[in-house]
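> Following this line is work_2.cif, made up of mmCIF, C-alpha atoms:
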data_query
loop_
_atom_site.label_atom_id
_atom_site.label_comp_id
_atom_site.auth_asym_id
_atom_site.auth_seq_id
_atom_site.Cartn_x
_atom_site.Cartn_y
_atom_site.Cartn_z
CA MET C 3 75.64 240.52 219.01
CA GLY C 4 78.97 239.90 217.28
CA VAL C 5 79.55 243.65 216.86
CA VAL C 6 78.93 244.21 220.58
CA VAL C 7 81.30 241.44 221.65
CA ALA C 8 84.05 242.66 219.30
CA THR C 9 83.63 246.21 220.60
CA LEU C 10 83.89 245.02 224.19
CA VAL C 11 87.13 243.22 223.30
CA LEU C 12 88.49 246.51 221.93
CA GLN C 13 87.66 248.19 225.24
CA VAL C 14 89.62 245.52 227.09
CA VAL C 15 92.76 246.16 225.01
CA LEU C 16 92.77 249.90 225.70
CA PRO C 17 95.97 251.20 227.34
CA ASP C 18 95.95 250.63 231.09
CA ASP C 19 95.60 254.32 231.95
CA MET C 20 92.54 254.65 229.67
CA ALA C 21 90.67 251.50 230.66
CA LEU C 22 88.08 250.91 233.38
CA HIS C 23 89.49 249.37 236.55
CA PRO C 24 89.44 246.62 237.53
CA TRP C 25 90.03 245.49 233.92
CA TRP C 26 87.91 242.34 234.30
CA LEU C 27 84.75 244.19 235.42
CA LEU C 28 83.47 245.18 231.96
CA PRO C 29 84.00 241.83 230.18
CA THR C 30 82.55 239.91 233.15
CA VAL C 31 79.40 242.01 233.51
CA SER C 32 78.86 242.28 229.76
CA GLY C 33 79.52 238.57 229.26
CA LEU C 34 76.90 237.68 231.84
CA LEU C 35 74.40 240.02 230.18
CA VAL C 36 75.12 238.55 226.73
CA VAL C 37 74.65 235.00 228.06
CA ALA C 38 71.41 236.02 229.77
CA LEU C 39 70.18 237.63 226.55
CA LEU C 40 70.95 234.48 224.57
CA LEU C 41 69.21 232.29 227.14
CA VAL C 42 66.09 234.45 227.07
CA ASN C 43 66.01 234.55 223.28
CA PRO C 44 68.39 232.10 221.56
CA GLY C 45 66.87 232.64 218.09
CA ARG C 46 65.59 235.45 215.94
CA MET C 47 63.48 237.97 217.86
CA SER C 48 59.83 237.56 216.93
CA GLN C 49 57.95 239.04 219.88
CA PHE C 50 58.25 241.58 222.67
CA SER C 51 59.76 240.42 225.98
CA ALA C 52 60.07 242.79 228.94
CA VAL C 53 62.86 240.68 230.50
CA GLU C 54 64.84 240.64 227.27
CA ARG C 55 64.43 244.38 226.86
CA VAL C 56 65.70 245.08 230.39
CA ILE C 57 68.76 242.87 229.82
CA ALA C 58 69.47 244.51 226.47
CA LEU C 59 69.20 248.01 227.94
CA LEU C 60 71.53 247.06 230.80
CA LEU C 61 74.07 245.80 228.27
CA VAL C 62 73.83 249.00 226.23
CA ALA C 63 74.11 251.12 229.38
CA ALA C 64 77.22 249.20 230.48
CA VAL C 65 78.96 249.70 227.12
CA THR C 66 77.97 253.38 227.08
CA ALA C 67 79.11 254.09 230.64
CA VAL C 68 82.50 252.47 230.17
CA ASN C 69 83.13 254.20 226.86
CA ALA C 70 82.05 257.54 228.33
CA GLY C 71 84.64 257.08 231.07
CA SER C 72 87.34 256.31 228.49
CA ALA C 73 86.32 259.29 226.35
CA VAL C 74 86.38 261.72 229.28
CA THR C 75 89.76 260.38 230.40
CA LEU C 76 91.20 260.70 226.90
CA VAL C 77 89.97 264.25 226.32
CA TYR C 78 90.97 265.39 229.82
CA ARG C 79 94.50 264.01 229.50
CA ILE C 80 94.96 265.64 226.10
CA ALA C 81 93.70 268.98 227.44
CA ALA C 82 95.87 268.70 230.58
CA GLY C 83 98.96 267.70 228.60
CA THR C 84 99.45 264.44 230.51
CA ILE C 85 98.76 262.03 227.65
CA GLY C 86 102.42 261.43 226.82
CA ASP C 87 104.10 261.73 223.43
CA HIS C 88 103.18 258.49 221.64
CA ALA C 89 101.00 259.76 218.80
CA GLY C 90 100.36 256.27 217.41
CA ALA C 91 99.02 254.97 220.71
CA VAL C 92 96.80 258.02 221.15
CA LEU C 93 95.40 257.60 217.62
CA VAL C 94 94.63 253.93 218.26
CA THR C 95 93.01 254.76 221.60
CA GLY C 96 91.00 257.56 220.01
CA GLY C 97 89.91 255.22 217.22
CA ILE C 98 88.70 252.59 219.69
CA VAL C 99 86.78 255.13 221.76
CA TYR C 100 85.31 256.71 218.60
CA TRP C 101 84.19 253.33 217.22
CA THR C 102 82.74 252.22 220.55
CA ASN C 103 80.80 255.48 220.67
CA ILE C 104 79.31 254.66 217.26
CA VAL C 105 78.32 251.16 218.39
CA ALA C 106 76.84 252.42 221.68
CA PHE C 107 74.64 254.98 219.94
CA SER C 108 73.60 252.47 217.28
CA LEU C 109 72.35 250.23 220.08
CA TRP C 110 70.34 253.09 221.62
CA TYR C 111 68.75 253.80 218.24
CA TRP C 112 68.08 250.07 217.78
CA GLU C 113 66.50 249.76 221.21
CA PHE C 114 64.30 252.88 221.12
CA ASP C 115 63.13 253.21 217.52
CA ARG C 116 59.43 252.30 217.65
CA GLY C 117 59.82 250.78 221.10
CA GLY C 118 62.68 248.42 220.31
CA PRO C 119 63.19 245.29 218.17
CA GLY C 120 60.60 243.26 220.10
CA ARG C 121 57.78 245.74 219.52
CA ARG C 122 58.84 246.22 215.90
CA ALA C 123 58.77 242.46 215.31
CA ALA C 124 55.41 242.12 217.04
CA GLY C 125 53.94 244.99 215.02
CA ARG C 126 53.07 246.93 218.18
CA ALA C 127 54.69 250.20 217.09
CA GLU C 128 52.52 252.43 214.91
CA PHE C 129 54.70 255.44 214.08
CA PRO C 130 58.46 255.39 213.32
CA ASP C 131 60.99 257.46 215.27
CA LEU C 132 63.54 257.20 212.44
CA GLN C 133 62.59 257.25 208.77
CA PHE C 134 64.71 255.05 206.53
CA PRO C 135 64.63 255.55 202.73
CA GLN C 136 62.79 252.23 202.28
CA MET C 137 59.93 253.60 204.38
CA ALA C 138 59.57 256.74 202.28
CA ASP C 139 59.61 254.98 198.89
CA PRO C 140 57.78 251.62 198.67
CA GLY C 141 59.59 250.91 195.41
CA LEU C 142 62.91 250.48 197.23
CA ALA C 143 61.98 247.40 199.30
CA HIS C 144 59.30 244.84 200.10
CA GLN C 145 56.18 246.10 201.83
CA ASP C 146 57.09 244.35 205.10
CA TRP C 147 60.70 245.64 205.15
CA GLU C 148 62.14 246.33 208.62
CA PRO C 149 65.55 247.86 209.45
CA SER C 150 68.11 245.41 210.81
CA TYR C 151 70.77 246.23 213.39
CA LEU C 152 73.29 246.92 210.61
CA ASP C 153 71.00 249.65 209.29
CA TYR C 154 71.18 251.35 212.70
CA LEU C 155 74.95 250.83 212.84
CA TYR C 156 75.34 252.50 209.43
CA PHE C 157 73.04 255.33 210.53
CA SER C 158 75.10 255.85 213.69
CA PHE C 159 78.35 255.83 211.70
CA THR C 160 77.17 258.42 209.17
CA ASN C 161 75.89 260.69 211.95
CA ALA C 162 79.25 260.43 213.76
CA ALA C 163 81.19 261.11 210.55
CA ALA C 164 79.02 263.87 209.04
CA PHE C 165 77.74 265.36 212.34
CA SER C 166 74.28 265.51 210.73
CA PRO C 167 71.55 263.27 209.26
CA THR C 168 72.33 261.69 205.90
CA ASP C 169 69.74 259.32 204.39
CA VAL C 170 67.92 258.52 207.67
CA MET C 171 65.75 261.26 209.13
CA PRO C 172 64.95 261.66 212.86
CA LEU C 173 61.22 262.23 213.38
CA ARG C 174 60.95 262.31 217.19
CA ILE C 175 62.48 264.73 219.66
CA TRP C 176 64.40 261.97 221.49
CA ALA C 177 66.00 260.89 218.20
CA LYS C 178 67.00 264.44 217.30
CA LEU C 179 68.50 265.10 220.73
CA THR C 180 70.34 261.75 220.74
CA MET C 181 71.79 262.47 217.30
CA MET C 182 72.83 265.93 218.47
CA LEU C 183 74.57 264.46 221.54
CA GLN C 184 76.36 261.86 219.43
CA ALA C 185 77.51 264.49 216.93
CA VAL C 186 78.89 266.70 219.73
CA ILE C 187 80.81 263.81 221.31
CA SER C 188 82.18 262.67 217.94
CA LEU C 189 83.25 266.21 217.04
CA ILE C 190 85.08 266.71 220.34
CA LEU C 191 86.85 263.36 220.05
CA ALA C 192 87.84 263.94 216.43
CA VAL C 193 89.11 267.49 216.97
CA MET C 194 91.02 266.75 220.17
CA VAL C 195 92.63 263.48 219.09
CA VAL C 196 93.50 264.44 215.50
CA ALA C 197 94.80 267.90 216.46
CA TRP C 198 96.97 266.46 219.23
CA ALA C 199 98.26 263.61 217.06
CA ILE C 200 99.18 265.89 214.14
CA ASN C 201 101.07 268.14 216.54
CA ASN C 202 102.98 265.17 217.97
CA LEU C 203 103.59 262.94 214.94
CA LYS C 204 107.27 262.33 214.31
#
Do you think you could lay out the structure here as structure tokens?

Amino acid sequence: MGVVVATLVLQVVLPDDMALHPWWLLPTVSGLLVVALLLVNPGRMSQFSAVERVIALLLVAAVTAVNAGSAVTLVYRIAAGTIGDHAGAVLVTGGIVYWTNIVAFSLWYWEFDRGGPGRRAAGRAEFPDLQFPQMADPGLAHQDWEPSYLDYLYFSFTNAAAFSPTDVMPLRIWAKLTMMLQAVISLILAVMVVAWAINNLK
């Protein structure tokens, strides 16, 4: 939850021409969803809740939609030559959008691997969608080991940085396609922002 809140704060501090308008819409909607999520489940998740899952998916969708808008705006303005000439500001903006993209995809992986955290905690998911190293080798962890959110965040980061699987393998079609989409978005952002910034650094 802390990672999500911090990422939303980063979205709020984006330059005015890159941010969603009105500026208060994202923090207000996301704040209400976070509060609702905490009210539904104030402690550690131990069982599946349909209400909690809907709220969580709405929160993830909100973060994803806003960041998608920022990413499209950034890439379009670079391609159209209307981004200005402040390389530092563009790099910071690109970094925020890139990081938010990592967080958004990590949340999708977290919410859909084996039916989400609720089903994983309740033991209602039989087959994994993503195979972590601890699952393949019982000698690496306890028998009842389960991936935490930080495992999914790390997985999302390595996919965005390497544009391919590293130590976590996608087993289902949805996971493979989601990883492919994330890699494409990350590649476009990295190429466009870095190439433009290098050309305009003073």
> Write out as a list in words each polymer residue whose atoms come within 7 Å of region 99-110 of chain C, counting all atoms listed in the file; drop sequence neighbours fewer than 4 positions from it.
Thr9, Val62, Val65, Thr66, Asn69, Ser72, Ala73, Thr95, Phe114, Tyr154, Leu155, Ser158, Phe159, Ala162, Ser188 and Leu191 of chain C
> Keeping C-alpha atoms for every residue in the selection just given, could you write it to a file as a PDB file, in the coordinates of the input?

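Written file, result_18.pdb:
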ATOM      1  CA  THR C   9      83.630 246.210 220.600  1.00  0.00           C
ATOM      2  CA  VAL C  62      73.830 249.000 226.230  1.00  0.00           C
ATOM      3  CA  VAL C  65      78.960 249.700 227.120  1.00  0.00           C
ATOM      4  CA  THR C  66      77.970 253.380 227.080  1.00  0.00           C
ATOM      5  CA  ASN C  69      83.130 254.200 226.860  1.00  0.00           C
ATOM      6  CA  SER C  72      87.340 256.310 228.490  1.00  0.00           C
ATOM      7  CA  ALA C  73      86.320 259.290 226.350  1.00  0.00           C
ATOM      8  CA  THR C  95      93.010 254.760 221.600  1.00  0.00           C
ATOM      9  CA  PHE C 114      64.300 252.880 221.120  1.00  0.00           C
ATOM     10  CA  TYR C 154      71.180 251.350 212.700  1.00  0.00           C
ATOM     11  CA  LEU C 155      74.950 250.830 212.840  1.00  0.00           C
ATOM     12  CA  SER C 158      75.100 255.850 213.690  1.00  0.00           C
ATOM     13  CA  PHE C 159      78.350 255.830 211.700  1.00  0.00           C
ATOM     14  CA  ALA C 162      79.250 260.430 213.760  1.00  0.00           C
ATOM     15  CA  SER C 188      82.180 262.670 217.940  1.00  0.00           C
ATOM     16  CA  LEU C 191      86.850 263.360 220.050  1.00  0.00           C
TER      17      LEU C 191
END
> For this file, the PyMOL selection byres ((chain C and resi 55) around 9) selects which residues, as a VMD selection string?
chain C and resid 39 50 to 54 56 to 60 113 118 to 120
> Where does the PyMOL selection byres ((chain C and resi 194) around 12) land in this file, that is, which residues does it pick, as a ChimeraX atom specification?
/C:73-74,76-83,85,92-93,96-97,100,187-193,195-201
> Which value, in Å to one decimal, gives the distance between CA of Leu183 (chain C) and CA of Ala67 (chain C)?
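According to the coordinates, CA of Leu183 (chain C) and CA of Ala67 (chain C) are separated by 14.5 Å.
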> Which residues come within 10 Å of region 179-181 of chain C, counting all atoms listed in the file, excluding same-chain residues fewer than 2 positions away, as a JSON list (two decimals) with C-alpha atoms, in the frame of the given file?

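Heads up, here's the output in part.json:
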[["chain", "number", "residue", "atom", "x", "y", "z"],
["C", 107, "PHE", "CA", 74.64, 254.98, 219.94],
["C", 110, "TRP", "CA", 70.34, 253.09, 221.62],
["C", 111, "TYR", "CA", 68.75, 253.80, 218.24],
["C", 157, "PHE", "CA", 73.04, 255.33, 210.53],
["C", 158, "SER", "CA", 75.10, 255.85, 213.69],
["C", 161, "ASN", "CA", 75.89, 260.69, 211.95],
["C", 162, "ALA", "CA", 79.25, 260.43, 213.76],
["C", 165, "PHE", "CA", 77.74, 265.36, 212.34],
["C", 166, "SER", "CA", 74.28, 265.51, 210.73],
["C", 167, "PRO", "CA", 71.55, 263.27, 209.26],
["C", 172, "PRO", "CA", 64.95, 261.66, 212.86],
["C", 174, "ARG", "CA", 60.95, 262.31, 217.19],
["C", 175, "ILE", "CA", 62.48, 264.73, 219.66],
["C", 176, "TRP", "CA", 64.40, 261.97, 221.49],
["C", 177, "ALA", "CA", 66.00, 260.89, 218.20],
["C", 183, "LEU", "CA", 74.57, 264.46, 221.54],
["C", 184, "GLN", "CA", 76.36, 261.86, 219.43],
["C", 185, "ALA", "CA", 77.51, 264.49, 216.93],
["C", 186, "VAL", "CA", 78.89, 266.70, 219.73],
["C", 187, "ILE", "CA", 80.81, 263.81, 221.31]]
> State, in Å with one decimal place, the distance from CA of Pro149 (chain C) to CA of Trp112 (chain C).
9.0 Å
> Name the residues captured by the PyMOL selection byres ((chain C and resi 148) around 10) when it is applied to the shown file; answer as a list in words.
Pro119, Arg122, Ala123, Phe134, Gln136, Met137, Ala143, His144, Gln145, Asp146, Trp147, Pro149, Ser150, Tyr151 and Asp153 of chain C
> Considering only C-alpha atoms, can you say which of C:Asn202, C:Gly117, C:Leu152, C:Glu128 comes closest to His88 (chain C)?
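So, comparing all the options, the nearest one is C:Asn202.
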> Just give me the gap between CA of Thr160 (chain C) and CA of Ala124 (chain C) in Å, one decimal is fine.
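Computing it gives 28.3 Å between the two atoms.
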> Which residues, written as a list in words, have at least one atom at most 10 Å from Leu173 (chain C), with only C-alpha atoms counted and residues fewer than 4 positions away on the same chain left out?
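Residues near the query, excluding close chain neighbours: Phe129, Pro130, Asp131, Leu132, Gln133, Ala177 and Lys178 of chain C.
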